[in-house]
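Worksheet: the structure to be examined is printed underneath.
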There are 2 protein chains.
Amino acid sequence: MTPGSAALGHVRDRVDRALQAFATQQRGVLLAAGDDLRPGAESIAGLLAGGKRLRPAFCYWGWRGAGGPDCPEIINAAAALELLHAGALIHDDLMDASDTRRGQPSLHRQFEARHAGHGWHGSAGAFGMGMAILLGDLLICWTDEMFHTSGLPTDALRRGRPVLDRMRTEVFAGQYLDLLGQAAGDETVAGALRVVEFKTAKYTIERPLHLGAALAGAGAAPAGPDGGPPAGGAVAGDGARAGDGALAGDGALDRGGALAGGDGSLAAAYTAYGLPLGIAFQLRDDILGVFGDPAQTGKPAGDDVREGKRTVLLAVARSRATAGQARVIDRYLGDPLLDEAGTAKIRAAIAGTGAVAECERMITRHVSEAIAALDGAPITAEAREALAELAVAATARDG
Amino acid sequence: MTPGSAALGHVRDRVDRALQAFATQQRGVLLAAGDDLRPGAESIAGLLAGGKRLRPAFCYWGWRGAGGPDCPEIINAAAALELLHAGALIHDDLMDASDTRRGQPSLHRQFEARHAGHGWHGSAGAFGMGMAILLGDLLICWTDEMFHTSGLPTDALRRGRPVLDRMRTEVFAGQYLDLLGQAAGDETVAGALRVVEFKTAKYTIERPLHLGAALAGAGAAPAGPDGGPPAGGAVAGDGARAGDGALAGDGALDRGGALAGGDGSLAAAYTAYGLPLGIAFQLRDDILGVFGDPAQTGKPAGDDVREGKRTVLLAVARSRATAGQARVIDRYLGDPLLDEAGTAKIRAAIAGTGAVAECERMITRHVSEAIAALDGAPITAEAREALAELAVAATARDG
C-alpha cells in the first residue's frame, strides 16, 4: 500500500463500504416502523454515496499517526463523522435554500418535489423543510450509533467521546457565528476567519485528527509503518495541551479523558497542521464557490454569490475594492436571480480587486505551514507522508 | 421519601439541577467560541428551565424498578433525555410554525424578533429558522455528551447505548410518519395510532423505562426499596424480548447488548405498561390541545386546531361525524386565522361527535391496562407504586 492510495482513495473506498453497510442496517430499522419510510431511507443512502470523505481520512490518519494499526474498526469510527457531516449538509442546504448537493437535488427539494408530484395537502415547501429537518436530525444521531458500534474497544471509545462532543459543539457554534455575522453585516476578514476556524478548520481537520489520536490511546508512542495494537487501557490526564488555545479555560471536559488522548505534543502537532490547512481548504472552497466549474463542484456556477455567502474571499475583495468594484459586488451578491452575465461581472470585479491572487497566496502559505508542522511531529513516517499528501489534495485547484 | 414526592417532584427537582449544571458548563464552551453566542446559550437555558421531565422520570423509575440504587449518576443520565427532547421541540415548533413554547416565544420566533429588532440584513424568518435548526442540533448532540459524562460506569453506559440509539431513530421515524400522513391526508384512527406509538408511546415512556433497565444491568434481580448497586459487568445476550414486537427482525443492534438489558420479562413488563400509557398520555394531550386552558397548556387556545394537527381525537371525531359536523371540522381545522368564535364552533362539533367521551374512555382503559401490567412485573415495590402514580399523573385532566 503506497501512501498515495492510502491517504485518499484506499480510505475512501473502505469508508464508502462501511457507510453503505450501516445505511443498509438502519434502513431495516426504519422500514420496521413503516414501509412509507422507504423514500427517506433512499434519500439518505443517496446522500451517503457521495463525498470526498475528508473528515474520515483525517481521523484515520490521526489514528495511524499515533501508532494505531490499520483495521476495519477505525474505518467504522472514522466513517461515523460522515453521518454528522451529511446531517449538517442537509440542514445547511435548507438554511441556504440551496437547490443542489453533490449534483443531485438537495434533500428538501427532493421532498418538495415529492409533495408537489403527489398533489398532497398543505405547502410543498413546508413539507420539504420538515423532512430535511427530521432526516438531518436522524443522521446527526446516527453518528453516535456508528461510532459506538464501530468495534473499537470501550476504553478507546471513552477516550474519543470528549473530542467528538467538542467537535460537534464547535461546528454548530461556527455555523451560528456565520449566520449571525451574515445578518449583522460583519464584512471583516477577521470575522470571516473566526467562522472558518470553527466551522471548517477545527471541524474538518483538527478535531478529526484529535479524534483519531484519542482513539489510538493516550501517549501512544509513534510506531513503525504497521503500527501497534490500539492502547486499550491507558488514559492520562493532560492539563497542558499546548497549542490548543480554544480549549483553555474549560476543565470540565478534561475529566473524562484529555481531548486529544493525553499526548500534548501529538495534539499540538495536529493542531499546528490542522488549523492552517483548514483555512487553506476553506479559501480554496471560497474560490471554487465563485469561479468553479459546475461539473466539478456539483453546484450551479456562482452559487455562493447567489446565496450571498460571507466568505474570506469576499471579505478580502471588499477590503481591497474600489468604489466601482464594491458597487458591482453589492449589486450581485445575494441576488437570487443572478444570471450568467451577472456572474461574469461579479467575477471580474472580485478578481479585479486582486482578492483571488491574495487568497491563492494565503493558500500556498497556509499549506506550507501545515506541511512544515509535520516535520517535527511525533507521528509515524507513513502518516507524515499521507498527511502531506492530503494537505495538497484537499487544497488543489481541481477540488 | 414517599413514592409520591419521589415519582414526580423529587426527581424533577434533581433533573432540573442537573440540567442547569450541564447548561452552565456548555455555556462556557460556547462563549469560548465567541461572546456573540450568549443569546443562543441563554435561549437554551431558558428552554431547559421548563418541562415536566416525564422522560427522565420514566428512565429513573425504570432503573429503580430494575434494582438500581438512588444516586446522582442516574439522574444525570436520565436528564440527558431532556436535551434530546428540548432539541426536538425546537425543531417541532419550527416545522409547525408554532409561536409559543412553555409560555414563551418559540426559539425561532425569539431569533426572528432579535433580527427584526436589530434591523439586520436579509429575512428575519430565515434567520429565526437557521438559529432554531442549529440550536436544536446542538441540543440533540448534547444528549450523548450528558449521557456519557453522567458518571455511570462504562459498562452501564455501553448497555444503555442501543436503547438510546433506538429511541432516537424511532422518534424521528414517528415524526416523519406524522408529517407524511398529514400531507397525504391519512385521516384514519389506525394511521394516527401508529404515529402515536412511535412518536409518543415508545419515545416518552417505553424506551426511557428500557433505558433505565438497561443501565441498571442485565437480568438485575428486583431488589428492596433501597436497591443494590448497579450491576457493572454482566451483559446477557437475550434473543427473546417477548412482548417487544417492534424489535423483531432486527438482530444487528442486539449484538452490542440486548435493548432492555437482557431481562426479557422486565423489558416485556415495561412495554406492557409503557405502550398503553403512552397512548393514553397522547390522547390527554390531544384533548388539551383542542379544549385546554392556555394558562395550563402554555399554548394559545385551540393551537392544535390552528396548526391542523392530525390527532387520534380528530380521527375518532371524523369517523363519527355527521356531514354537518364534518363540514365544521373541515372549515376550521388548519385555519391559521382561527379566532375565538371558530374555536368554539369546532370544539362543539368535535364534542358533538362523541369523540371526546370516546377518547376519555380510551384513556381510562389504557391507564388501567398499564397499571395492571405492573402487577406481575418483576420490579421493586417502590417502583411499582411510583409508576402507578406516574400513570395517573401523566394522564390527569389538569395536565
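Here, A, B, ... name the chains of the C-alpha cells in the order displayed, residue numbers run from 1 inside each chain, and ligands are numbered from 1 in the same displayed order.
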Which residues are near Val11 (chain A)? Cut-off 10 Å, only C-alpha atoms, ignore same chain within fewer than 6 positions. Put them as a CSV table (one decimal) with N, CA, C and O atoms, in the first residue's frame.
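Below is the file that was written, result_13.csv:
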chain,number,residue,atom,x,y,z
A,5,SER,N,-2.2,5.9,-2.4
A,5,SER,CA,-3.6,5.3,-2.4
A,5,SER,C,-4.1,5.3,-1.0
A,5,SER,O,-5.3,5.4,-0.8
A,53,ARG,N,-14.9,12.3,1.7
A,53,ARG,CA,-14.6,11.6,2.9
A,53,ARG,C,-13.3,12.2,3.6
A,53,ARG,O,-12.5,11.4,4.1
A,54,LEU,N,-13.2,13.5,3.5
A,54,LEU,CA,-12.0,14.1,4.1
A,54,LEU,C,-12.0,14.0,5.6
A,54,LEU,O,-10.9,13.7,6.2
A,56,PRO,N,-13.3,11.6,7.6
A,56,PRO,CA,-12.8,10.2,8.0
A,56,PRO,C,-11.3,10.0,7.6
A,56,PRO,O,-10.6,9.4,8.4
A,57,ALA,N,-10.9,10.6,6.5
A,57,ALA,CA,-9.5,10.4,6.2
A,57,ALA,C,-8.6,11.0,7.2
A,57,ALA,O,-7.6,10.4,7.7
A,58,PHE,N,-8.9,12.2,7.7
A,58,PHE,CA,-8.1,12.9,8.8
A,58,PHE,C,-8.2,12.1,10.1
A,58,PHE,O,-7.2,11.9,10.8
A,60,TYR,N,-8.7,8.8,10.3
A,60,TYR,CA,-7.9,7.6,10.1
A,60,TYR,C,-6.4,7.9,10.3
A,60,TYR,O,-5.7,7.2,11.0
A,61,TRP,N,-6.0,9.0,9.6
A,61,TRP,CA,-4.5,9.2,9.7
A,61,TRP,C,-4.1,9.8,11.0
A,61,TRP,O,-2.9,9.7,11.4
A,75,ILE,N,-11.9,2.4,10.6
A,75,ILE,CA,-12.7,2.9,9.4
A,75,ILE,C,-14.1,3.1,9.8
A,75,ILE,O,-14.7,4.2,9.5
A,78,ALA,N,-14.3,6.3,12.0
A,78,ALA,CA,-14.0,7.5,11.2
A,78,ALA,C,-15.2,7.8,10.3
A,78,ALA,O,-15.5,8.9,10.1
A,79,ALA,N,-15.8,6.7,9.7
A,79,ALA,CA,-16.9,6.9,8.8
A,79,ALA,C,-18.1,7.5,9.5
A,79,ALA,O,-18.9,8.2,8.9
If the cut-off is 8 Å, can you tell me the residues of chain A near chain B, counting only C-alpha atoms? I'd like them as a PyMOL selection string. chain A and resi 25+28-30+32-34+36-37+91+95+115+120-122+126-127+129-131+133-135+137-138+140-142+144-145+148-149+154+158+161-162+165+168-170+172-177+179+182-185+198+246-247+250+252+256
Nearest-residue call for Gln296 (chain A), choices A:Arg12, A:Arg27, A:Arg102, A:Arg55, using only C-alpha atoms: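 Among A:Arg12, A:Arg27, A:Arg102, A:Arg55, it is A:Arg102 that comes nearest to Gln296 (chain A).
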Exercise: His366 (chain A) partners within 7 Å, only C-alpha atoms, chain neighbours under 5 positions left out, as number ranges by chain: A: 276-277, 280
Show me a table, sorted first by chain and then by increasing residue number, of the residues of region 37-116 of chain B having an atom at most 9 Å from region 263-275 of chain B, each with its shortest atom pair and the distance in Å to one decimal, counting only C-alpha atoms and written as JSON lines.
{"residue": "B:Gly62", "atom": "CA", "partner": "B:Tyr270", "partner_atom": "CA", "distance": 7.8}
{"residue": "B:Gly65", "atom": "CA", "partner": "B:Leu266", "partner_atom": "CA", "distance": 8.9}
{"residue": "B:Ala66", "atom": "CA", "partner": "B:Leu266", "partner_atom": "CA", "distance": 7.6}
Could you pull out the helix (DSSP H, G or I) residues of region 279-383 of chain A, going by DSSP on the backbone, and write them as a VMD selection string? chain A and resid 279 to 291 294 to 297 303 to 306 312 to 320 323 to 332 340 to 352 355 to 375 381 to 383
One decimal, in Å: what's the spacing between CA of Leu89 (chain B) and CA of Arg101 (chain B)? 8.4 Å
When you draw a straight line from CA of Arg361 (chain A) to CA of Ala396 (chain A), how long is it in Å?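 Computing the Euclidean distance for CA of Arg361 (chain A) and CA of Ala396 (chain A) yields 13.1 Å.
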Give me, as a VMD selection string, all polymer residues having an atom no more than 8 Å from Ile371 (chain B), counting only C-alpha atoms and skipping those fewer than 4 positions away in the same chain. chain B and resid 273 367 375 387 to 388 391
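One finds CA of Arg306 (chain A) at 6.0 Å from CA of Leu338 (chain A).
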For Arg397 (chain B), the nearest of the candidates B:Cys71, B:Ile287, B:Ala372, B:Ile329, counting only C-alpha atoms: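 The shortest atom-to-atom distance to Arg397 (chain B) comes from B:Ile287.
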Name the residues of region 1-119 of chain A that fall into strand (DSSP E) according to DSSP on the backbone, using the chain letters and numbers of this document, as a list in words. Thr100, Arg101, Gln104 and Pro105 of chain A
Extract, using only C-alpha atoms, all DNA, RNA and protein residues at most 10 Å from Ala315 (chain B), discarding same-chain residues fewer than 4 positions from it, and format them as a ChimeraX atom specification. /B:186-193,310-311,319-321,355
Extract, using only C-alpha atoms, all DNA, RNA and protein residues at most 10 Å from Gly103 (chain A), discarding same-chain residues fewer than 6 positions from it, and format them as a PyMOL selection string. chain A and resi 50+294-300
How would the residues just picked look written out with C-alpha atoms as a short mmCIF file (atom, residue, chain, number, x, y, z; two decimals), in the first residue's frame?
data_model
loop_
_atom_site.label_atom_id
_atom_site.label_comp_id
_atom_site.auth_asym_id
_atom_site.auth_seq_id
_atom_site.Cartn_x
_atom_site.Cartn_y
_atom_site.Cartn_z
CA GLY A 50 -21.11 10.75 -2.36
CA PRO A 294 -20.34 23.21 -12.02
CA ALA A 295 -19.21 19.84 -13.38
CA GLN A 296 -16.51 19.84 -10.74
CA THR A 297 -18.31 21.42 -7.77
CA GLY A 298 -21.70 19.73 -8.23
CA LYS A 299 -23.26 23.19 -7.71
CA PRO A 300 -24.52 25.70 -10.30
#
